[in-house]
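Text of final_12.cif, listed as mmCIF, C-alpha atoms and all ligand atoms:
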```cif
data_final
#
loop_
_atom_site.label_atom_id
_atom_site.label_comp_id
_atom_site.auth_asym_id
_atom_site.auth_seq_id
_atom_site.Cartn_x
_atom_site.Cartn_y
_atom_site.Cartn_z
CA MET A 461 29.02 -22.81 3.53
CA ARG A 462 27.46 -21.54 0.34
CA MET A 463 28.87 -18.06 0.72
CA ASP A 464 32.62 -17.51 0.68
CA ILE A 465 33.20 -14.62 3.10
CA ASP A 466 36.69 -13.86 1.72
CA ASN A 467 35.24 -13.58 -1.75
CA TYR A 468 32.47 -11.31 -0.46
CA THR A 469 34.81 -8.94 1.38
CA LYS A 470 36.96 -8.60 -1.76
CA ARG A 471 33.93 -7.87 -3.96
CA ALA A 472 32.08 -5.61 -1.53
CA GLY A 473 32.09 -1.92 -2.30
CA ARG A 474 30.26 1.23 -3.13
CA VAL A 475 27.25 0.63 -5.35
CA ASP A 476 28.21 1.36 -8.94
CA LEU A 477 26.72 4.67 -10.09
CA ASP A 478 28.55 4.82 -13.44
CA GLY A 479 26.16 6.00 -16.12
CA ILE A 480 23.32 6.80 -13.70
CA ASP A 481 22.24 10.31 -14.67
CA PHE A 482 20.52 11.82 -11.64
CA ASP A 483 19.45 14.82 -13.77
CA ASP A 484 16.95 12.43 -15.39
CA PHE A 485 14.89 12.90 -12.22
CA ARG A 486 14.74 16.63 -12.86
CA SER A 487 13.38 16.21 -16.38
CA GLN A 488 11.19 13.24 -15.42
CA PRO A 489 10.40 13.48 -11.68
CA LEU A 490 9.15 10.53 -9.68
CA ASP A 491 5.57 10.48 -8.41
CA ASP A 492 4.79 11.41 -4.78
CA ASP A 493 4.22 7.84 -3.56
CA THR A 494 7.56 6.64 -4.94
CA ARG A 495 9.36 9.54 -3.32
CA ARG A 496 7.64 8.78 -0.01
CA CYS A 497 8.98 5.22 -0.19
CA LEU A 498 12.44 6.47 -1.14
CA ARG A 499 12.56 8.77 1.87
CA TYR A 500 11.82 5.75 4.07
CA MET A 501 14.44 3.61 2.34
CA HIS A 502 17.03 6.40 2.51
CA ASP A 503 16.49 6.81 6.25
CA VAL A 504 16.61 3.08 6.97
CA GLU A 505 19.68 2.37 4.80
CA HIS A 506 21.46 5.13 6.70
CA HIS A 507 20.33 3.64 10.00
CA THR A 508 22.29 0.43 9.34
CA VAL A 509 25.28 1.66 11.34
CA CYS A 510 22.99 2.00 14.37
CA TYR A 511 21.81 -1.59 13.89
CA LEU A 512 25.50 -2.54 13.85
CA ARG A 513 25.87 -0.87 17.27
CA ASP A 514 23.16 -3.21 18.62
CA LEU A 515 24.72 -6.30 17.07
CA LEU A 516 28.26 -5.76 18.30
CA VAL A 517 27.17 -5.86 21.95
CA THR A 518 26.06 -9.48 21.40
CA SER A 519 28.24 -12.55 20.94
CA ALA A 520 28.33 -11.68 17.21
CA HIS A 521 31.54 -9.71 17.84
CA ARG A 522 33.36 -12.92 18.76
CA ASP A 523 32.80 -14.52 15.34
CA PRO A 524 35.35 -13.16 12.84
CA GLU A 525 33.34 -14.37 9.86
CA VAL A 526 30.33 -12.42 11.10
CA THR A 527 32.35 -9.27 11.89
CA SER A 528 34.00 -9.37 8.45
CA PHE A 529 30.58 -9.50 6.88
CA LEU A 530 29.13 -6.77 9.11
CA THR A 531 32.02 -4.43 8.28
CA MET A 532 31.33 -4.64 4.55
CA TRP A 533 27.54 -4.81 4.98
CA THR A 534 27.47 -1.48 6.82
CA PHE A 535 29.69 0.09 4.15
CA GLU A 536 27.48 -1.10 1.30
CA GLU A 537 24.26 -0.03 3.04
CA TYR A 538 25.77 3.43 3.63
CA TRP A 539 26.28 3.86 -0.10
CA HIS A 540 22.74 2.63 -0.79
CA GLY A 541 21.59 5.47 1.46
CA GLU A 542 23.80 7.94 -0.40
CA ALA A 543 22.53 6.78 -3.80
CA LEU A 544 18.93 7.29 -2.67
CA ALA A 545 19.98 10.67 -1.21
CA ALA A 546 21.10 11.69 -4.69
CA VAL A 547 17.66 10.78 -6.08
CA LEU A 548 15.93 12.84 -3.39
CA ALA A 549 18.36 15.75 -3.91
CA ALA A 550 17.50 15.74 -7.62
CA HIS A 551 13.92 16.48 -6.50
CA ASP A 552 15.24 19.30 -4.27
CA GLU A 553 14.38 17.28 -1.17
CA ALA A 554 16.43 17.19 2.02
CA ALA A 555 18.69 14.14 2.04
CA GLY A 556 21.97 12.92 3.47
CA THR A 557 23.38 14.43 6.65
CA PRO A 558 20.62 16.99 7.46
CA ARG A 559 17.89 14.40 6.99
CA ILE A 560 19.79 11.72 8.92
CA ALA A 561 20.37 14.17 11.78
CA SER A 562 16.66 14.85 11.99
CA VAL A 563 15.84 11.11 12.00
CA ARG A 564 18.36 10.51 14.79
CA ALA A 565 16.93 13.44 16.78
CA SER A 566 13.48 11.83 16.60
CA LEU A 567 14.57 8.44 17.95
CA ARG A 568 12.52 7.21 20.87
CA TRP A 569 13.24 5.50 24.19
CA ASN A 570 13.48 2.10 22.51
CA ASP A 571 16.62 3.26 20.68
CA ARG A 572 18.36 4.05 23.97
CA LEU A 573 17.41 0.69 25.41
CA ALA A 574 18.26 -1.38 22.32
CA PRO A 575 21.97 -2.08 23.04
CA THR A 576 21.20 -3.10 26.62
CA LEU A 577 18.35 -5.38 25.57
CA HIS A 578 20.44 -7.02 22.83
CA SER A 579 23.33 -7.52 25.21
CA LEU A 580 21.06 -9.06 27.85
CA GLY A 581 19.27 -11.20 25.26
CA SER A 582 22.56 -12.56 23.98
CA TRP A 583 23.78 -13.30 27.50
CA VAL A 584 20.56 -15.11 28.48
CA ALA A 585 19.97 -16.98 25.23
CA GLY A 586 23.59 -17.94 24.55
CA PRO A 587 24.44 -19.32 21.10
CA SER A 588 20.75 -19.44 20.10
CA TYR A 589 20.78 -15.64 19.96
CA GLY A 590 23.04 -15.86 16.91
CA ALA A 591 20.38 -17.92 15.11
CA VAL A 592 17.77 -15.26 15.88
CA HIS A 593 20.03 -12.49 14.65
CA MET A 594 20.99 -14.23 11.41
CA THR A 595 17.39 -15.25 10.63
CA TRP A 596 16.19 -11.73 11.40
CA GLY A 597 18.81 -10.39 9.01
CA ALA A 598 17.75 -12.82 6.28
CA VAL A 599 14.09 -11.82 6.61
CA ASN A 600 14.96 -8.12 6.48
CA GLU A 601 17.22 -8.53 3.44
CA TRP A 602 14.59 -10.62 1.63
CA THR A 603 11.93 -7.99 2.24
CA THR A 604 14.29 -5.13 1.34
CA GLN A 605 15.26 -6.68 -1.98
CA ALA A 606 11.64 -7.50 -2.79
CA GLY A 607 10.64 -3.97 -1.77
CA TYR A 608 13.13 -2.41 -4.19
CA SER A 609 11.89 -4.69 -6.93
CA ARG A 610 8.28 -3.64 -6.31
CA LEU A 611 9.19 0.03 -6.08
CA ALA A 612 10.96 -0.13 -9.45
CA ALA A 613 7.97 -1.89 -11.01
CA ARG A 614 5.43 0.57 -9.60
CA ALA A 615 7.46 3.70 -10.45
CA GLY A 616 8.19 2.65 -14.05
CA HIS A 617 11.14 5.07 -14.27
CA PRO A 618 14.08 3.63 -16.26
CA THR A 619 16.81 5.46 -14.32
CA LEU A 620 15.35 4.44 -10.97
CA THR A 621 14.92 0.87 -12.22
CA GLU A 622 18.62 0.66 -13.16
CA LEU A 623 19.78 2.19 -9.88
CA LEU A 624 17.60 -0.15 -7.82
CA ARG A 625 18.71 -3.15 -9.90
CA ARG A 626 22.33 -2.44 -8.89
CA ILE A 627 21.37 -2.00 -5.24
CA MET A 628 19.32 -5.22 -5.35
CA ARG A 629 22.34 -7.14 -6.62
CA GLN A 630 24.22 -6.20 -3.46
CA GLU A 631 21.18 -6.98 -1.31
CA GLY A 632 21.30 -10.44 -2.89
CA ARG A 633 24.76 -11.02 -1.44
CA HIS A 634 23.53 -9.88 1.98
CA ILE A 635 20.71 -12.43 1.63
CA ASP A 636 23.26 -15.15 0.81
CA PHE A 637 25.21 -14.48 3.97
CA TYR A 638 22.33 -14.17 6.41
CA ALA A 639 20.29 -17.06 5.00
CA THR A 640 23.31 -19.38 4.93
CA GLN A 641 24.21 -18.50 8.51
CA ALA A 642 20.59 -18.85 9.65
CA GLU A 643 20.26 -22.29 8.10
CA ARG A 644 23.54 -23.44 9.63
CA ARG A 645 22.66 -22.17 13.12
CA LEU A 646 19.09 -23.51 13.09
CA HIS A 647 19.95 -26.91 11.65
CA GLY A 648 19.46 -29.63 14.27
CA ASP A 649 19.17 -27.12 17.12
CA GLN A 650 15.65 -27.23 18.51
CA ARG A 651 16.33 -24.60 21.15
CA ALA A 652 17.54 -22.14 18.52
CA GLN A 653 14.52 -23.00 16.35
CA ARG A 654 12.06 -22.44 19.19
CA LEU A 655 13.64 -19.14 20.21
CA THR A 656 13.85 -17.85 16.63
CA ARG A 657 10.28 -18.84 15.90
CA PHE A 658 9.10 -17.13 19.08
CA ALA A 659 11.12 -13.96 18.37
CA LEU A 660 9.86 -13.66 14.80
CA ARG A 661 6.26 -14.32 15.72
CA THR A 662 6.15 -11.89 18.63
CA LEU A 663 8.71 -9.19 17.82
CA TRP A 664 9.35 -8.99 14.08
CA ARG A 665 8.15 -5.85 12.32
CA PRO A 666 9.13 -4.53 8.88
CA VAL A 667 12.67 -3.17 8.82
CA GLY A 668 12.64 0.46 9.92
CA SER A 669 9.58 0.12 12.18
CA ASP A 670 11.68 1.12 15.16
CA VAL A 671 12.84 4.28 13.41
CA MET A 672 10.04 5.49 11.16
CA PRO A 673 6.55 6.74 12.15
CA ALA A 674 3.90 4.01 12.11
CA ALA A 675 1.98 5.73 9.29
CA GLU A 676 5.07 5.57 7.05
CA VAL A 677 5.59 1.88 7.81
CA GLN A 678 1.97 1.09 6.97
CA PHE A 679 2.14 3.12 3.77
CA LEU A 680 5.34 1.43 2.60
CA VAL A 681 4.03 -2.07 3.22
CA ARG A 682 0.73 -1.33 1.48
CA HIS A 683 2.39 0.37 -1.48
CA LEU A 684 4.92 -2.38 -2.07
CA PHE A 685 3.19 -5.58 -0.95
CA GLY A 686 -0.52 -4.79 -1.12
CA HIS A 687 -1.13 -4.64 -4.87
CA ASP A 688 -0.44 -6.39 -8.18
CA SER A 689 2.48 -8.80 -7.71
CA GLY A 690 3.09 -7.59 -4.11
CA PRO A 691 1.08 -10.33 -2.36
CA ALA A 692 2.77 -13.02 -4.48
CA LEU A 693 6.20 -11.63 -3.55
CA ALA A 694 5.19 -11.62 0.13
CA ALA A 695 4.17 -15.28 -0.24
CA ARG A 696 7.52 -16.08 -1.88
CA ILE A 697 9.42 -14.58 1.07
CA ASP A 698 7.25 -16.63 3.43
CA ARG A 699 8.20 -19.75 1.46
CA ASN A 700 11.89 -18.83 1.92
CA ILE A 701 11.30 -18.56 5.67
CA ASP A 702 9.39 -21.88 5.61
CA ARG A 703 12.49 -23.59 4.21
CA LEU A 704 14.62 -22.62 7.23
CA PRO A 705 14.79 -25.43 9.82
CA GLY A 706 11.87 -25.27 12.27
CA LEU A 707 10.33 -22.09 10.85
CA GLY A 708 7.55 -23.51 8.65
CA GLY A 709 4.09 -21.94 8.55
CA LEU A 710 4.82 -18.53 10.13
CA HIS A 711 3.19 -16.53 7.26
CA LEU A 712 5.01 -13.50 8.63
CA ILE A 713 5.14 -11.31 5.54
CA GLN A 714 1.71 -12.14 4.12
CA GLU A 715 0.04 -11.42 7.45
CA THR A 716 1.96 -8.13 7.80
CA ALA A 717 0.83 -7.09 4.30
CA GLU A 718 -2.78 -8.09 5.02
CA ARG A 719 -2.80 -6.12 8.27
CA SER A 720 -1.49 -3.03 6.45
CA MET A 721 -4.18 -3.32 3.79
CA ALA A 722 -6.82 -3.62 6.52
CA THR A 723 -5.67 -0.29 8.02
CA ALA A 724 -5.83 1.58 4.68
CA THR A 725 -8.07 4.66 4.59
CA PRO A 726 -10.26 4.33 1.46
CA GLY A 727 -9.59 7.02 -1.15
CA ARG A 728 -6.69 8.62 0.76
CA SER A 729 -3.75 7.21 -1.10
CA SER A 730 -2.78 4.80 -3.81
CA GLY A 731 -0.47 3.07 -1.32
FE FE B 1 20.62 -1.72 1.27
FE FE B 2 21.15 -5.23 2.58
#
```
Spell out the structure here as structure tokens.
Ligand SMILES: [Fe+2]
Ligand SMILES: [Fe+2]
Amino acid sequence: MRMDIDNYTKRAGRVDLDGIDFDDFRSQPLDDDTRRCLRYMHDVEHHTVCYLRDLLVTSAHRDPEVTSFLTMWTFEEYWHGEALAAVLAAHDEAAGTPRIASVRASLRWNDRLAPTLHSLGSWVAGPSYGAVHMTWGAVNEWTTQAGYSRLAARAGHPTLTELLRRIMRQEGRHIDFYATQAERRLHGDQRAQRLTRFALRTLWRPVGSDVMPAAEVQFLVRHLFGHDSGPALAARIDRNIDRLPGLGGLHLIQETAERSMATATPGRSSG
């Protein structure tokens, strides 16, 4: 295995905020579109613990390597949410607990059903469900890291760039875990490959789609993957997916970005 889980758990921790001066955002505020993306990212990072709820009702809880990772993963994602909360707070925007409470209050019926569906899916699919879960995680971490990279590039704010660079470094370790596990579980297992391919093609949506309003999802995808180097980054993620056993030619991220661009209202937003 490429990733040493013991090494990861020892290195995992709160994202380093030393030297990040959040008052910089008061003297040099971020533009509206960047803040809109940050609100989305804040909400979704803080939703990670709810994704953990859905994972632990599957066979994932029987694998100690996976549960060690998930323990640290949730902790690190929590602090990503808190770091983004500090950016929003510096713009006098609601963030942290009050904002999270309002997101949780707005959750729909699919949130109530999610643990049951995951539990049933795991029971029916057996070990192949683990391949779906790990591949899903890899795709979400790839898109998250790329999204932060694009947001930093579009915002052009040195303090935000440094903060996101530190978050992206931790996202890179999440990628290592999920991608390594996905490759291992898909390798030589045609049933797992078929199920994962089917699940991605029919069910995958950008991370946060089950929590955030559709308009916010569309905006985020357009803003980050619709312009400049965004389409090339989307293609790079698709190439990463292509390299996983049995998952070639899905074009998942490029097609999602193209669909979002097709729904754009001309002249309404730079997203
Ligand atoms: Fe994160
Ligand atoms: Fe992550």
Enclose the full set of atoms of region 667-681 of chain A listed in the file within a box whose edges lie along x, y and z, apply 3 Å of padding to each of the six sides, and report centre and edge lengths in Å to one decimal as JSON.
```
{"center_x": 7.4, "center_y": 1.8, "center_z": 8.9, "size_x": 16.9, "size_y": 15.9, "size_z": 18.6}
```
Go through the chains and note each residue within 9 Å of ligand FE 2 (chain B), using all atoms listed in the file, then give the set as a compact mmCIF listing (two decimals) with C-alpha atoms, in the coordinates of the input.
```txt
# COMPACT_ATOMS: atom_id res chain seq x y z
CA GLU A 505 19.68 2.37 4.80
CA THR A 508 22.29 0.43 9.34
CA TRP A 533 27.54 -4.81 4.98
CA THR A 534 27.47 -1.48 6.82
CA GLU A 536 27.48 -1.10 1.30
CA GLU A 537 24.26 -0.03 3.04
CA HIS A 540 22.74 2.63 -0.79
CA GLY A 597 18.81 -10.39 9.01
CA ASN A 600 14.96 -8.12 6.48
CA GLU A 601 17.22 -8.53 3.44
CA TRP A 602 14.59 -10.62 1.63
CA THR A 604 14.29 -5.13 1.34
CA GLN A 605 15.26 -6.68 -1.98
CA ILE A 627 21.37 -2.00 -5.24
CA MET A 628 19.32 -5.22 -5.35
CA GLN A 630 24.22 -6.20 -3.46
CA GLU A 631 21.18 -6.98 -1.31
CA GLY A 632 21.30 -10.44 -2.89
CA ARG A 633 24.76 -11.02 -1.44
CA HIS A 634 23.53 -9.88 1.98
CA ILE A 635 20.71 -12.43 1.63
```
Who sits within 8 Å of Arg645 (chain A), only C-alpha atoms, same chain under 4 positions skipped, as a PDB file with C-alpha atoms, in the coordinates of the input:
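The resulting file, result.pdb, is reproduced below:
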```
ATOM      1  CA  SER A 588      20.750 -19.440  20.100  1.00  0.00           C
ATOM      2  CA  GLY A 590      23.040 -15.860  16.910  1.00  0.00           C
ATOM      3  CA  ALA A 591      20.380 -17.920  15.110  1.00  0.00           C
ATOM      4  CA  GLN A 641      24.210 -18.500   8.510  1.00  0.00           C
ATOM      5  CA  ASP A 649      19.170 -27.120  17.120  1.00  0.00           C
ATOM      6  CA  ALA A 652      17.540 -22.140  18.520  1.00  0.00           C
TER       7      ALA A 652
END
```
Selection: 8 Å around region 653-657 of chain A, all atoms listed in the file, excl. self and same-chain fewer than 4 positions, as a PyMOL selection string: chain A and resi 588-589+591-592+595+646+649+661+705-707+710
Please, which residues in region 495-591 of chain A fall within 12 Å of region 681-688 of chain A when counting all atoms listed in the file, and what is the closest atom pair and distance in Å to one decimal for each, ordered by chain then residue number, as CSV?
```
residue,atom,partner,partner_atom,distance
A:Arg495,CA,A:His683,CA,11.7
A:Arg496,CA,A:His683,CA,10.0
A:Cys497,CA,A:His683,CA,8.3
A:Leu498,CA,A:Leu684,CA,11.7
A:Tyr500,CA,A:Val681,CA,11.1
A:Met501,CA,A:Val681,CA,11.9
```
Who sits within 9 Å of Leu624 (chain A), only C-alpha atoms, same chain under 4 positions skipped, as a VMD selection string: chain A and resid 608 to 609 611 to 612 619 to 620 628 to 629
Separation of CA of Gln714 (chain A) from CA of Asp698 (chain A), in Å and rounded to one decimal: 7.2 Å
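Checking A:Leu704, A:Ala550, A:Ile713, A:Ala543 one by one against Ser487 (chain A), counting all atoms listed in the file, you find the shortest gap at A:Ala550.
When CA of Glu542 (chain A) is paired with CA of Val509 (chain A), their separation reads 13.4 Å.
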Selected residue, from A:Val547, A:Asp670, A:Gln650, A:Glu643, that lies nearest to Gln488 (chain A) when counting only C-alpha atoms: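 Using only C-alpha atoms, Gln488 (chain A) sits closest to A:Val547.
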Coordinates-based distance that separates CA of Ser669 (chain A) from CA of Val504 (chain A) (Å, one decimal):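 Separating CA of Val504 (chain A) from CA of Ser669 (chain A) is a distance of 9.2 Å.
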Residue with smallest distance to Gly541 (chain A) - pool A:Arg486, A:Arg568, A:Arg522, A:Arg474, counting all atoms listed in the file: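 Answer, going by the shortest atom-to-atom distance: A:Arg474.
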For Pro673 (chain A), the nearest of the candidates A:Thr716, A:Gly616, A:Asn700, A:Leu567, counting all atoms listed in the file: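 Selected residue with least distance to Pro673 (chain A): A:Leu567.
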Who sits within 12 Å of Pro558 (chain A), only C-alpha atoms, same chain under 6 positions skipped, as a PyMOL selection string: chain A and resi 503+506+545+549+564-565
Region 467-470 of chain A environment, 10 Å, all atoms listed in the file, sequence neighbours closer than 3 positions dropped, as JSON, numbers by chain: {"A": [463, 464, 473, 528, 529, 530, 531, 532, 533, 633, 634, 637]}
